[in-house]
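Chemist: mmCIF, C-alpha atoms; chains and numbers go by the auth columns, saved as run_27.cif, coming up:
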```cif
data_structure
#
loop_
_atom_site.group_PDB
_atom_site.id
_atom_site.type_symbol
_atom_site.label_atom_id
_atom_site.label_comp_id
_atom_site.label_asym_id
_atom_site.label_seq_id
_atom_site.Cartn_x
_atom_site.Cartn_y
_atom_site.Cartn_z
_atom_site.B_iso_or_equiv
_atom_site.auth_seq_id
_atom_site.auth_asym_id
ATOM 1 C CA MET A 1 0.000 0.000 0.000 0.00 405 A
ATOM 2 C CA LYS A 2 1.438 3.352 -0.983 0.00 406 A
ATOM 3 C CA LYS A 3 1.869 6.110 1.551 0.00 407 A
ATOM 4 C CA PHE A 4 0.008 9.447 1.435 0.00 408 A
ATOM 5 C CA LYS A 5 2.110 12.313 0.103 0.00 409 A
ATOM 6 C CA PHE A 6 0.747 15.851 0.212 0.00 410 A
ATOM 7 C CA LYS A 7 1.908 17.785 -2.827 0.00 411 A
ATOM 8 C CA LEU A 8 1.798 21.146 -1.059 0.00 412 A
ATOM 9 C CA GLU A 9 3.734 20.098 2.047 0.00 413 A
ATOM 10 C CA GLY A 10 6.345 22.798 1.373 0.00 414 A
ATOM 11 C CA LEU A 11 3.680 25.486 1.268 0.00 415 A
ATOM 12 C CA LEU A 12 2.190 24.148 4.498 0.00 416 A
ATOM 13 C CA LYS A 13 5.591 24.350 6.199 0.00 417 A
ATOM 14 C CA ILE A 14 6.116 27.910 4.961 0.00 418 A
ATOM 15 C CA ARG A 15 2.719 28.993 6.259 0.00 419 A
ATOM 16 C CA LYS A 16 3.334 27.320 9.634 0.00 420 A
ATOM 17 C CA PHE A 17 6.695 29.082 9.852 0.00 421 A
ATOM 18 C CA ARG A 18 5.072 32.405 8.973 0.00 422 A
ATOM 19 C CA GLU A 19 2.479 31.944 11.720 0.00 423 A
ATOM 20 C CA GLN A 20 5.180 31.076 14.268 0.00 424 A
ATOM 21 C CA THR A 21 7.226 34.103 13.211 0.00 425 A
ATOM 22 C CA ILE A 22 4.270 36.427 13.685 0.00 426 A
ATOM 23 C CA LYS A 23 3.561 34.883 17.101 0.00 427 A
ATOM 24 C CA ALA A 24 7.162 35.576 18.111 0.00 428 A
ATOM 25 C CA GLU A 25 6.909 39.161 16.836 0.00 429 A
ATOM 26 C CA LEU A 26 3.683 39.630 18.806 0.00 430 A
ATOM 27 C CA GLY A 27 5.416 38.343 21.917 0.00 431 A
ATOM 28 C CA GLU A 28 8.260 40.789 21.383 0.00 432 A
ATOM 29 C CA ILE A 29 5.840 43.706 21.015 0.00 433 A
ATOM 30 C CA VAL A 30 3.981 42.671 24.164 0.00 434 A
ATOM 31 C CA SER A 31 7.237 42.455 26.117 0.00 435 A
ATOM 32 C CA GLN A 32 8.221 45.929 24.872 0.00 436 A
ATOM 33 C CA MET A 33 4.815 47.274 25.933 0.00 437 A
ATOM 34 C CA ASN A 34 5.255 45.727 29.376 0.00 438 A
ATOM 35 C CA GLY A 35 8.723 47.240 29.602 0.00 439 A
ATOM 36 C CA VAL A 36 7.323 50.674 28.777 0.00 440 A
ATOM 37 C CA ASP A 37 4.591 50.233 31.405 0.00 441 A
ATOM 38 C CA ASP A 38 7.188 49.246 33.991 0.00 442 A
ATOM 39 C CA LYS A 39 9.369 52.231 33.110 0.00 443 A
ATOM 40 C CA ILE A 40 6.378 54.608 33.384 0.00 444 A
ATOM 41 C CA ALA A 41 5.510 53.166 36.796 0.00 445 A
ATOM 42 C CA GLN A 42 9.132 53.522 37.885 0.00 446 A
ATOM 43 C CA LEU A 43 9.286 57.152 36.746 0.00 447 A
ATOM 44 C CA SER A 44 5.988 57.932 38.470 0.00 448 A
ATOM 45 C CA HIS A 45 7.383 56.459 41.644 0.00 449 A
ATOM 46 C CA HIS A 46 10.519 58.594 41.266 0.00 450 A
ATOM 47 C CA ILE A 47 8.349 61.700 40.839 0.00 451 A
ATOM 48 C CA SER A 48 6.434 60.962 44.038 0.00 452 A
ATOM 49 C CA GLN A 49 9.734 60.351 45.819 0.00 453 A
ATOM 50 C CA GLY A 50 10.999 63.675 44.428 0.00 454 A
ATOM 51 C CA TYR A 51 7.990 65.501 45.864 0.00 455 A
ATOM 52 C CA GLU A 52 8.499 63.858 49.254 0.00 456 A
ATOM 53 C CA SER A 53 12.200 64.676 49.196 0.00 457 A
ATOM 54 C CA GLN A 54 11.447 68.276 48.228 0.00 458 A
ATOM 55 C CA GLU A 55 9.066 68.647 51.154 0.00 459 A
ATOM 56 C CA MET A 56 11.689 67.310 53.561 0.00 460 A
ATOM 57 C CA VAL A 57 14.362 69.636 52.170 0.00 461 A
ATOM 58 C CA LEU A 58 12.068 72.653 52.361 0.00 462 A
ATOM 59 C CA ARG A 59 11.368 72.042 56.065 0.00 463 A
ATOM 60 C CA ASP A 60 14.958 72.945 56.848 0.00 464 A
ATOM 61 C CA ALA A 61 17.098 75.803 55.647 0.00 465 A
ATOM 62 C CA THR A 62 18.369 75.052 52.160 0.00 466 A
ATOM 63 C CA THR A 63 20.166 76.672 49.241 0.00 467 A
ATOM 64 C CA GLY A 64 18.581 78.010 46.076 0.00 468 A
ATOM 65 C CA GLY A 65 20.302 75.332 44.006 0.00 469 A
ATOM 66 C CA ASN A 66 18.487 72.600 45.896 0.00 470 A
ATOM 67 C CA ILE A 67 15.175 74.394 45.465 0.00 471 A
ATOM 68 C CA GLN A 68 15.722 74.692 41.700 0.00 472 A
ATOM 69 C CA PHE A 69 16.706 71.039 41.351 0.00 473 A
ATOM 70 C CA TYR A 70 13.349 69.502 42.254 0.00 474 A
ATOM 71 C CA PRO A 71 11.122 71.192 39.632 0.00 475 A
ATOM 72 C CA GLN A 72 13.666 70.367 36.925 0.00 476 A
ATOM 73 C CA TYR A 73 13.929 66.784 38.148 0.00 477 A
ATOM 74 C CA ILE A 74 10.147 66.362 38.143 0.00 478 A
ATOM 75 C CA GLU A 75 9.704 68.060 34.749 0.00 479 A
ATOM 76 C CA ALA A 76 12.379 65.822 33.214 0.00 480 A
ATOM 77 C CA HIS A 77 10.659 62.708 34.536 0.00 481 A
ATOM 78 C CA GLN A 78 7.246 63.939 33.358 0.00 482 A
ATOM 79 C CA ALA A 79 8.669 64.641 29.892 0.00 483 A
ATOM 80 C CA ASN A 80 10.151 61.154 29.842 0.00 484 A
ATOM 81 C CA ILE A 81 6.769 59.698 30.828 0.00 485 A
ATOM 82 C CA ILE A 82 5.116 61.566 27.949 0.00 486 A
ATOM 83 C CA LEU A 83 7.698 60.144 25.524 0.00 487 A
ATOM 84 C CA LEU A 84 7.131 56.652 26.887 0.00 488 A
ATOM 85 C CA GLN A 85 3.369 57.045 26.553 0.00 489 A
ATOM 86 C CA GLU A 86 3.855 58.060 22.921 0.00 490 A
ATOM 87 C CA ARG A 87 6.069 55.006 22.434 0.00 491 A
ATOM 88 C CA LYS A 88 3.365 52.840 23.965 0.00 492 A
ATOM 89 C CA VAL A 89 0.785 54.217 21.507 0.00 493 A
ATOM 90 C CA VAL A 90 3.122 53.331 18.640 0.00 494 A
ATOM 91 C CA LEU A 91 3.623 49.836 20.067 0.00 495 A
ATOM 92 C CA GLU A 92 -0.137 49.367 20.454 0.00 496 A
ATOM 93 C CA LYS A 93 -0.624 50.285 16.783 0.00 497 A
ATOM 94 C CA GLU A 94 2.116 47.822 15.800 0.00 498 A
ATOM 95 C CA TYR A 95 0.408 45.217 17.960 0.00 499 A
ATOM 96 C CA GLN A 96 -2.943 45.776 16.241 0.00 500 A
ATOM 97 C CA LEU A 97 -1.314 45.479 12.810 0.00 501 A
ATOM 98 C CA LYS A 98 0.427 42.248 13.849 0.00 502 A
ATOM 99 C CA VAL A 99 -2.850 40.848 15.199 0.00 503 A
ATOM 100 C CA ALA A 100 -4.480 41.533 11.824 0.00 504 A
ATOM 101 C CA GLU A 101 -1.482 39.980 10.053 0.00 505 A
ATOM 102 C CA MET A 102 -1.739 36.980 12.387 0.00 506 A
ATOM 103 C CA ALA A 103 -5.407 36.520 11.525 0.00 507 A
ATOM 104 C CA ILE A 104 -4.549 36.446 7.820 0.00 508 A
ATOM 105 C CA ALA A 105 -1.665 34.011 8.384 0.00 509 A
ATOM 106 C CA MET A 106 -3.890 31.726 10.467 0.00 510 A
ATOM 107 C CA GLY A 107 -6.546 31.812 7.738 0.00 511 A
ATOM 108 C CA ASP A 108 -3.988 30.948 5.069 0.00 512 A
ATOM 109 C CA LEU A 109 -2.659 28.079 7.163 0.00 513 A
ATOM 110 C CA LYS A 110 -6.159 26.799 7.816 0.00 514 A
ATOM 111 C CA VAL A 111 -6.919 26.754 4.081 0.00 515 A
ATOM 112 C CA VAL A 112 -3.852 24.616 3.344 0.00 516 A
ATOM 113 C CA ARG A 113 -4.587 22.305 6.298 0.00 517 A
ATOM 114 C CA LYS A 114 -8.182 21.817 5.122 0.00 518 A
ATOM 115 C CA PHE A 115 -6.922 21.099 1.623 0.00 519 A
ATOM 116 C CA LYS A 116 -4.464 18.533 3.013 0.00 520 A
ATOM 117 C CA GLU A 117 -7.229 16.932 5.075 0.00 521 A
ATOM 118 C CA LYS A 118 -9.484 16.742 1.990 0.00 522 A
ATOM 119 C CA GLU A 119 -6.719 15.181 -0.103 0.00 523 A
ATOM 120 C CA TYR A 120 -5.976 12.693 2.680 0.00 524 A
ATOM 121 C CA ASN A 121 -9.634 11.692 2.906 0.00 525 A
ATOM 122 C CA ASP A 122 -9.771 11.273 -0.889 0.00 526 A
ATOM 123 C CA PHE A 123 -6.594 9.173 -0.687 0.00 527 A
ATOM 124 C CA LYS A 124 -8.142 6.967 2.004 0.00 528 A
ATOM 125 C CA LYS A 125 -11.295 6.489 -0.083 0.00 529 A
ATOM 126 C CA ASP A 126 -9.242 5.548 -3.137 0.00 530 A
ATOM 127 C CA MET A 127 -7.208 3.082 -1.086 0.00 531 A
ATOM 128 C CA GLN A 128 -10.395 1.541 0.348 0.00 532 A
ATOM 129 C CA LYS A 129 -11.846 1.201 -3.165 0.00 533 A
ATOM 130 C CA LEU A 130 -8.651 -0.450 -4.369 0.00 534 A
ATOM 131 C CA GLU A 131 -8.655 -2.799 -1.386 0.00 535 A
ATOM 132 C CA MET A 132 -12.299 -3.748 -2.002 0.00 536 A
ATOM 133 C CA LYS A 133 -11.530 -4.361 -5.691 0.00 537 A
ATOM 134 C CA ASN A 134 -8.615 -6.625 -4.712 0.00 538 A
ATOM 135 C CA ILE A 135 -10.820 -8.515 -2.267 0.00 539 A
ATOM 136 C CA ASP A 136 -13.523 -8.909 -4.934 0.00 540 A
ATOM 137 C CA ASP A 137 -10.909 -10.142 -7.428 0.00 541 A
ATOM 138 C CA MET A 138 -9.666 -12.694 -4.875 0.00 542 A
ATOM 139 C CA VAL A 139 -13.201 -13.928 -4.226 0.00 543 A
ATOM 140 C CA ILE A 140 -13.848 -14.261 -7.961 0.00 544 A
ATOM 141 C CA MET A 141 -10.548 -16.077 -8.436 0.00 545 A
ATOM 142 C CA ARG A 142 -11.349 -18.427 -5.540 0.00 546 A
ATOM 143 C CA ASN A 143 -14.801 -19.165 -6.980 0.00 547 A
ATOM 144 C CA ILE A 144 -13.311 -19.823 -10.402 0.00 548 A
ATOM 145 C CA PHE A 145 -10.625 -22.064 -8.926 0.00 549 A
ATOM 146 C CA ASN A 146 -13.156 -23.955 -6.772 0.00 550 A
ATOM 147 C CA GLY A 147 -15.547 -24.212 -9.715 0.00 551 A
ATOM 148 C CA VAL A 148 -12.845 -25.673 -11.985 0.00 552 A
ATOM 149 C CA GLU A 149 -11.660 -28.263 -9.496 0.00 553 A
ATOM 150 C CA GLY A 150 -15.067 -29.108 -8.014 0.00 554 A
#
```
Have the structure of the file written as structure tokens, please.

Modeler:
Amino acid sequence: MKKFKFKLEGLLKIRKFREQTIKAELGEIVSQMNGVDDKIAQLSHHISQGYESQEMVLRDATTGGNIQFYPQYIEAHQANIILLQERKVVLEKEYQLKVAEMAIAMGDLKVVRKFKEKEYNDFKKDMQKLEMKNIDDMVIMRNIFNGVEG
């Protein structure tokens, strides 16, 4: 009995690889988004610490340089947060595009898999027909042989 061979196996492998590549790219984007979120949280924490530190410094006698430092420190962190938020928006757009690309890749892969399944089922039917024909031929041959000798 011959073995099933799918003619488009190479295409199936390419489409599987494409889907896996997109999944990896999605994972990378998600990790970048999480990194941005963590950095924003860290900067927000630094800002609150800056305010607390400023209050403690202002309770005692201090120099003008120290007083000027805190607003600049906080403004720099707030500007960095704004940049990170903009980066996160860009990453979210990239993520949405990759999700759409992933949907297309999954659809393409599904089409090839369904085609392979259909060809396999047709192959099985053909093999069953051939097997039944062989069995019928054997029965006919046995009847002829038994009829000749008997």

Chemist: Could you give me, as a list in words, the residues within 10 Å of segment 522-526 of chain A, counting all atoms listed in the file and dropping anything in the same chain fewer than 6 positions from it?

Modeler: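 Once the nearby chain positions are removed, what remains is Phe408, Lys409, Phe410, Lys411, Val516 and Gln532 of chain A.
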
Chemist: Pick out the residues sitting within 12 Å of Ala445 of chain A, and hand them over as a list in words; count only C-alpha atoms, and ignore anything fewer than 3 positions along from it in its own chain.

Modeler: Asn438, Gly439, Val440, Asp441, Asp442, Ser448, His449, His450, Ile451, Ser452, His481, Gln482, Asn484, Ile485, Leu488 and Gln489 of chain A

Chemist: In Å, rounded to a single decimal, give me how far atom CA of Val493 of chain A is from atom CA of Gly511 of chain A.

Modeler: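 Distance between the two atoms: 27.3 Å.
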
Chemist: I would like the residues chosen by the PyMOL selection byres ((chain A and resi 496) around 12) on the shown file; could you give them as JSON, numbers by chain?

Modeler: {"A": [430, 433, 434, 435, 436, 437, 438, 440, 441, 489, 490, 491, 492, 493, 494, 495, 497, 498, 499, 500, 501, 502, 503]}

Chemist: Can you tell me which residues surround Ser457 of chain A at a distance of at most 12 Å, considering all atoms listed in the file, apart from same-chain residues fewer than 3 positions away, and format the answer as a PDB file with C-alpha atoms, keeping the file's coordinate frame?

Modeler:
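Saved as result-v9.pdb:
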```
ATOM      1  CA  HIS A 450      10.519  58.594  41.266  1.00  0.00           C
ATOM      2  CA  ILE A 451       8.349  61.700  40.839  1.00  0.00           C
ATOM      3  CA  SER A 452       6.434  60.962  44.038  1.00  0.00           C
ATOM      4  CA  GLN A 453       9.734  60.351  45.819  1.00  0.00           C
ATOM      5  CA  GLY A 454      10.999  63.675  44.428  1.00  0.00           C
ATOM      6  CA  MET A 460      11.689  67.310  53.561  1.00  0.00           C
ATOM      7  CA  VAL A 461      14.362  69.636  52.170  1.00  0.00           C
ATOM      8  CA  LEU A 462      12.068  72.653  52.361  1.00  0.00           C
ATOM      9  CA  ARG A 463      11.368  72.042  56.065  1.00  0.00           C
ATOM     10  CA  ASP A 464      14.958  72.945  56.848  1.00  0.00           C
ATOM     11  CA  ASN A 470      18.487  72.600  45.896  1.00  0.00           C
ATOM     12  CA  ILE A 471      15.175  74.394  45.465  1.00  0.00           C
ATOM     13  CA  PHE A 473      16.706  71.039  41.351  1.00  0.00           C
ATOM     14  CA  TYR A 474      13.349  69.502  42.254  1.00  0.00           C
ATOM     15  CA  PRO A 475      11.122  71.192  39.632  1.00  0.00           C
ATOM     16  CA  TYR A 477      13.929  66.784  38.148  1.00  0.00           C
ATOM     17  CA  ILE A 478      10.147  66.362  38.143  1.00  0.00           C
TER      18      ILE A 478
END
```

Chemist: For the PyMOL selection byres ((chain A and resi 419) around 10), applied here, can you spell out every residue it catches as an MDAnalysis selection string?

Modeler: chainID A and resid 413:418 420:425 509:514 516:517

Chemist: Between atom CA of Met506 of chain A and atom CA of Ile426 of chain A, measure the distance and give it in Å to one decimal.

Modeler: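 Interatomic distance, atom CA of Met506 of chain A to atom CA of Ile426 of chain A: 6.2 Å.
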
Chemist: Each side padded by 8 Å, which centre and which edge lengths in Å (one decimal) define the axis-aligned box around the listed atoms of segment 448-464 of chain A? Give them as JSON.

Modeler:
```
{"center_x": 10.5, "center_y": 64.7, "center_z": 47.7, "size_x": 25.0, "size_y": 32.5, "size_z": 34.4}
```

Chemist: What is the distance between atom CA of Glu479 of chain A and atom CA of Leu447 of chain A, in Å to one decimal?

Modeler: 11.1 Å

Chemist: Could you get me a file of segment 424-554 of chain A with C-alpha atoms, as a PDB file, in the first residue's frame, taken from the block above?

Modeler:
```pdb
ATOM      1  CA  GLN A 424       5.180  31.076  14.268  1.00  0.00           C
ATOM      2  CA  THR A 425       7.226  34.103  13.211  1.00  0.00           C
ATOM      3  CA  ILE A 426       4.270  36.427  13.685  1.00  0.00           C
ATOM      4  CA  LYS A 427       3.561  34.883  17.101  1.00  0.00           C
ATOM      5  CA  ALA A 428       7.162  35.576  18.111  1.00  0.00           C
ATOM      6  CA  GLU A 429       6.909  39.161  16.836  1.00  0.00           C
ATOM      7  CA  LEU A 430       3.683  39.630  18.806  1.00  0.00           C
ATOM      8  CA  GLY A 431       5.416  38.343  21.917  1.00  0.00           C
ATOM      9  CA  GLU A 432       8.260  40.789  21.383  1.00  0.00           C
ATOM     10  CA  ILE A 433       5.840  43.706  21.015  1.00  0.00           C
ATOM     11  CA  VAL A 434       3.981  42.671  24.164  1.00  0.00           C
ATOM     12  CA  SER A 435       7.237  42.455  26.117  1.00  0.00           C
ATOM     13  CA  GLN A 436       8.221  45.929  24.872  1.00  0.00           C
ATOM     14  CA  MET A 437       4.815  47.274  25.933  1.00  0.00           C
ATOM     15  CA  ASN A 438       5.255  45.727  29.376  1.00  0.00           C
ATOM     16  CA  GLY A 439       8.723  47.240  29.602  1.00  0.00           C
ATOM     17  CA  VAL A 440       7.323  50.674  28.777  1.00  0.00           C
ATOM     18  CA  ASP A 441       4.591  50.233  31.405  1.00  0.00           C
ATOM     19  CA  ASP A 442       7.188  49.246  33.991  1.00  0.00           C
ATOM     20  CA  LYS A 443       9.369  52.231  33.110  1.00  0.00           C
ATOM     21  CA  ILE A 444       6.378  54.608  33.384  1.00  0.00           C
ATOM     22  CA  ALA A 445       5.510  53.166  36.796  1.00  0.00           C
ATOM     23  CA  GLN A 446       9.132  53.522  37.885  1.00  0.00           C
ATOM     24  CA  LEU A 447       9.286  57.152  36.746  1.00  0.00           C
ATOM     25  CA  SER A 448       5.988  57.932  38.470  1.00  0.00           C
ATOM     26  CA  HIS A 449       7.383  56.459  41.644  1.00  0.00           C
ATOM     27  CA  HIS A 450      10.519  58.594  41.266  1.00  0.00           C
ATOM     28  CA  ILE A 451       8.349  61.700  40.839  1.00  0.00           C
ATOM     29  CA  SER A 452       6.434  60.962  44.038  1.00  0.00           C
ATOM     30  CA  GLN A 453       9.734  60.351  45.819  1.00  0.00           C
ATOM     31  CA  GLY A 454      10.999  63.675  44.428  1.00  0.00           C
ATOM     32  CA  TYR A 455       7.990  65.501  45.864  1.00  0.00           C
ATOM     33  CA  GLU A 456       8.499  63.858  49.254  1.00  0.00           C
ATOM     34  CA  SER A 457      12.200  64.676  49.196  1.00  0.00           C
ATOM     35  CA  GLN A 458      11.447  68.276  48.228  1.00  0.00           C
ATOM     36  CA  GLU A 459       9.066  68.647  51.154  1.00  0.00           C
ATOM     37  CA  MET A 460      11.689  67.310  53.561  1.00  0.00           C
ATOM     38  CA  VAL A 461      14.362  69.636  52.170  1.00  0.00           C
ATOM     39  CA  LEU A 462      12.068  72.653  52.361  1.00  0.00           C
ATOM     40  CA  ARG A 463      11.368  72.042  56.065  1.00  0.00           C
ATOM     41  CA  ASP A 464      14.958  72.945  56.848  1.00  0.00           C
ATOM     42  CA  ALA A 465      17.098  75.803  55.647  1.00  0.00           C
ATOM     43  CA  THR A 466      18.369  75.052  52.160  1.00  0.00           C
ATOM     44  CA  THR A 467      20.166  76.672  49.241  1.00  0.00           C
ATOM     45  CA  GLY A 468      18.581  78.010  46.076  1.00  0.00           C
ATOM     46  CA  GLY A 469      20.302  75.332  44.006  1.00  0.00           C
ATOM     47  CA  ASN A 470      18.487  72.600  45.896  1.00  0.00           C
ATOM     48  CA  ILE A 471      15.175  74.394  45.465  1.00  0.00           C
ATOM     49  CA  GLN A 472      15.722  74.692  41.700  1.00  0.00           C
ATOM     50  CA  PHE A 473      16.706  71.039  41.351  1.00  0.00           C
ATOM     51  CA  TYR A 474      13.349  69.502  42.254  1.00  0.00           C
ATOM     52  CA  PRO A 475      11.122  71.192  39.632  1.00  0.00           C
ATOM     53  CA  GLN A 476      13.666  70.367  36.925  1.00  0.00           C
ATOM     54  CA  TYR A 477      13.929  66.784  38.148  1.00  0.00           C
ATOM     55  CA  ILE A 478      10.147  66.362  38.143  1.00  0.00           C
ATOM     56  CA  GLU A 479       9.704  68.060  34.749  1.00  0.00           C
ATOM     57  CA  ALA A 480      12.379  65.822  33.214  1.00  0.00           C
ATOM     58  CA  HIS A 481      10.659  62.708  34.536  1.00  0.00           C
ATOM     59  CA  GLN A 482       7.246  63.939  33.358  1.00  0.00           C
ATOM     60  CA  ALA A 483       8.669  64.641  29.892  1.00  0.00           C
ATOM     61  CA  ASN A 484      10.151  61.154  29.842  1.00  0.00           C
ATOM     62  CA  ILE A 485       6.769  59.698  30.828  1.00  0.00           C
ATOM     63  CA  ILE A 486       5.116  61.566  27.949  1.00  0.00           C
ATOM     64  CA  LEU A 487       7.698  60.144  25.524  1.00  0.00           C
ATOM     65  CA  LEU A 488       7.131  56.652  26.887  1.00  0.00           C
ATOM     66  CA  GLN A 489       3.369  57.045  26.553  1.00  0.00           C
ATOM     67  CA  GLU A 490       3.855  58.060  22.921  1.00  0.00           C
ATOM     68  CA  ARG A 491       6.069  55.006  22.434  1.00  0.00           C
ATOM     69  CA  LYS A 492       3.365  52.840  23.965  1.00  0.00           C
ATOM     70  CA  VAL A 493       0.785  54.217  21.507  1.00  0.00           C
ATOM     71  CA  VAL A 494       3.122  53.331  18.640  1.00  0.00           C
ATOM     72  CA  LEU A 495       3.623  49.836  20.067  1.00  0.00           C
ATOM     73  CA  GLU A 496      -0.137  49.367  20.454  1.00  0.00           C
ATOM     74  CA  LYS A 497      -0.624  50.285  16.783  1.00  0.00           C
ATOM     75  CA  GLU A 498       2.116  47.822  15.800  1.00  0.00           C
ATOM     76  CA  TYR A 499       0.408  45.217  17.960  1.00  0.00           C
ATOM     77  CA  GLN A 500      -2.943  45.776  16.241  1.00  0.00           C
ATOM     78  CA  LEU A 501      -1.314  45.479  12.810  1.00  0.00           C
ATOM     79  CA  LYS A 502       0.427  42.248  13.849  1.00  0.00           C
ATOM     80  CA  VAL A 503      -2.850  40.848  15.199  1.00  0.00           C
ATOM     81  CA  ALA A 504      -4.480  41.533  11.824  1.00  0.00           C
ATOM     82  CA  GLU A 505      -1.482  39.980  10.053  1.00  0.00           C
ATOM     83  CA  MET A 506      -1.739  36.980  12.387  1.00  0.00           C
ATOM     84  CA  ALA A 507      -5.407  36.520  11.525  1.00  0.00           C
ATOM     85  CA  ILE A 508      -4.549  36.446   7.820  1.00  0.00           C
ATOM     86  CA  ALA A 509      -1.665  34.011   8.384  1.00  0.00           C
ATOM     87  CA  MET A 510      -3.890  31.726  10.467  1.00  0.00           C
ATOM     88  CA  GLY A 511      -6.546  31.812   7.738  1.00  0.00           C
ATOM     89  CA  ASP A 512      -3.988  30.948   5.069  1.00  0.00           C
ATOM     90  CA  LEU A 513      -2.659  28.079   7.163  1.00  0.00           C
ATOM     91  CA  LYS A 514      -6.159  26.799   7.816  1.00  0.00           C
ATOM     92  CA  VAL A 515      -6.919  26.754   4.081  1.00  0.00           C
ATOM     93  CA  VAL A 516      -3.852  24.616   3.344  1.00  0.00           C
ATOM     94  CA  ARG A 517      -4.587  22.305   6.298  1.00  0.00           C
ATOM     95  CA  LYS A 518      -8.182  21.817   5.122  1.00  0.00           C
ATOM     96  CA  PHE A 519      -6.922  21.099   1.623  1.00  0.00           C
ATOM     97  CA  LYS A 520      -4.464  18.533   3.013  1.00  0.00           C
ATOM     98  CA  GLU A 521      -7.229  16.932   5.075  1.00  0.00           C
ATOM     99  CA  LYS A 522      -9.484  16.742   1.990  1.00  0.00           C
ATOM    100  CA  GLU A 523      -6.719  15.181  -0.103  1.00  0.00           C
ATOM    101  CA  TYR A 524      -5.976  12.693   2.680  1.00  0.00           C
ATOM    102  CA  ASN A 525      -9.634  11.692   2.906  1.00  0.00           C
ATOM    103  CA  ASP A 526      -9.771  11.273  -0.889  1.00  0.00           C
ATOM    104  CA  PHE A 527      -6.594   9.173  -0.687  1.00  0.00           C
ATOM    105  CA  LYS A 528      -8.142   6.967   2.004  1.00  0.00           C
ATOM    106  CA  LYS A 529     -11.295   6.489  -0.083  1.00  0.00           C
ATOM    107  CA  ASP A 530      -9.242   5.548  -3.137  1.00  0.00           C
ATOM    108  CA  MET A 531      -7.208   3.082  -1.086  1.00  0.00           C
ATOM    109  CA  GLN A 532     -10.395   1.541   0.348  1.00  0.00           C
ATOM    110  CA  LYS A 533     -11.846   1.201  -3.165  1.00  0.00           C
ATOM    111  CA  LEU A 534      -8.651  -0.450  -4.369  1.00  0.00           C
ATOM    112  CA  GLU A 535      -8.655  -2.799  -1.386  1.00  0.00           C
ATOM    113  CA  MET A 536     -12.299  -3.748  -2.002  1.00  0.00           C
ATOM    114  CA  LYS A 537     -11.530  -4.361  -5.691  1.00  0.00           C
ATOM    115  CA  ASN A 538      -8.615  -6.625  -4.712  1.00  0.00           C
ATOM    116  CA  ILE A 539     -10.820  -8.515  -2.267  1.00  0.00           C
ATOM    117  CA  ASP A 540     -13.523  -8.909  -4.934  1.00  0.00           C
ATOM    118  CA  ASP A 541     -10.909 -10.142  -7.428  1.00  0.00           C
ATOM    119  CA  MET A 542      -9.666 -12.694  -4.875  1.00  0.00           C
ATOM    120  CA  VAL A 543     -13.201 -13.928  -4.226  1.00  0.00           C
ATOM    121  CA  ILE A 544     -13.848 -14.261  -7.961  1.00  0.00           C
ATOM    122  CA  MET A 545     -10.548 -16.077  -8.436  1.00  0.00           C
ATOM    123  CA  ARG A 546     -11.349 -18.427  -5.540  1.00  0.00           C
ATOM    124  CA  ASN A 547     -14.801 -19.165  -6.980  1.00  0.00           C
ATOM    125  CA  ILE A 548     -13.311 -19.823 -10.402  1.00  0.00           C
ATOM    126  CA  PHE A 549     -10.625 -22.064  -8.926  1.00  0.00           C
ATOM    127  CA  ASN A 550     -13.156 -23.955  -6.772  1.00  0.00           C
ATOM    128  CA  GLY A 551     -15.547 -24.212  -9.715  1.00  0.00           C
ATOM    129  CA  VAL A 552     -12.845 -25.673 -11.985  1.00  0.00           C
ATOM    130  CA  GLU A 553     -11.660 -28.263  -9.496  1.00  0.00           C
ATOM    131  CA  GLY A 554     -15.067 -29.108  -8.014  1.00  0.00           C
TER     132      GLY A 554
END
```
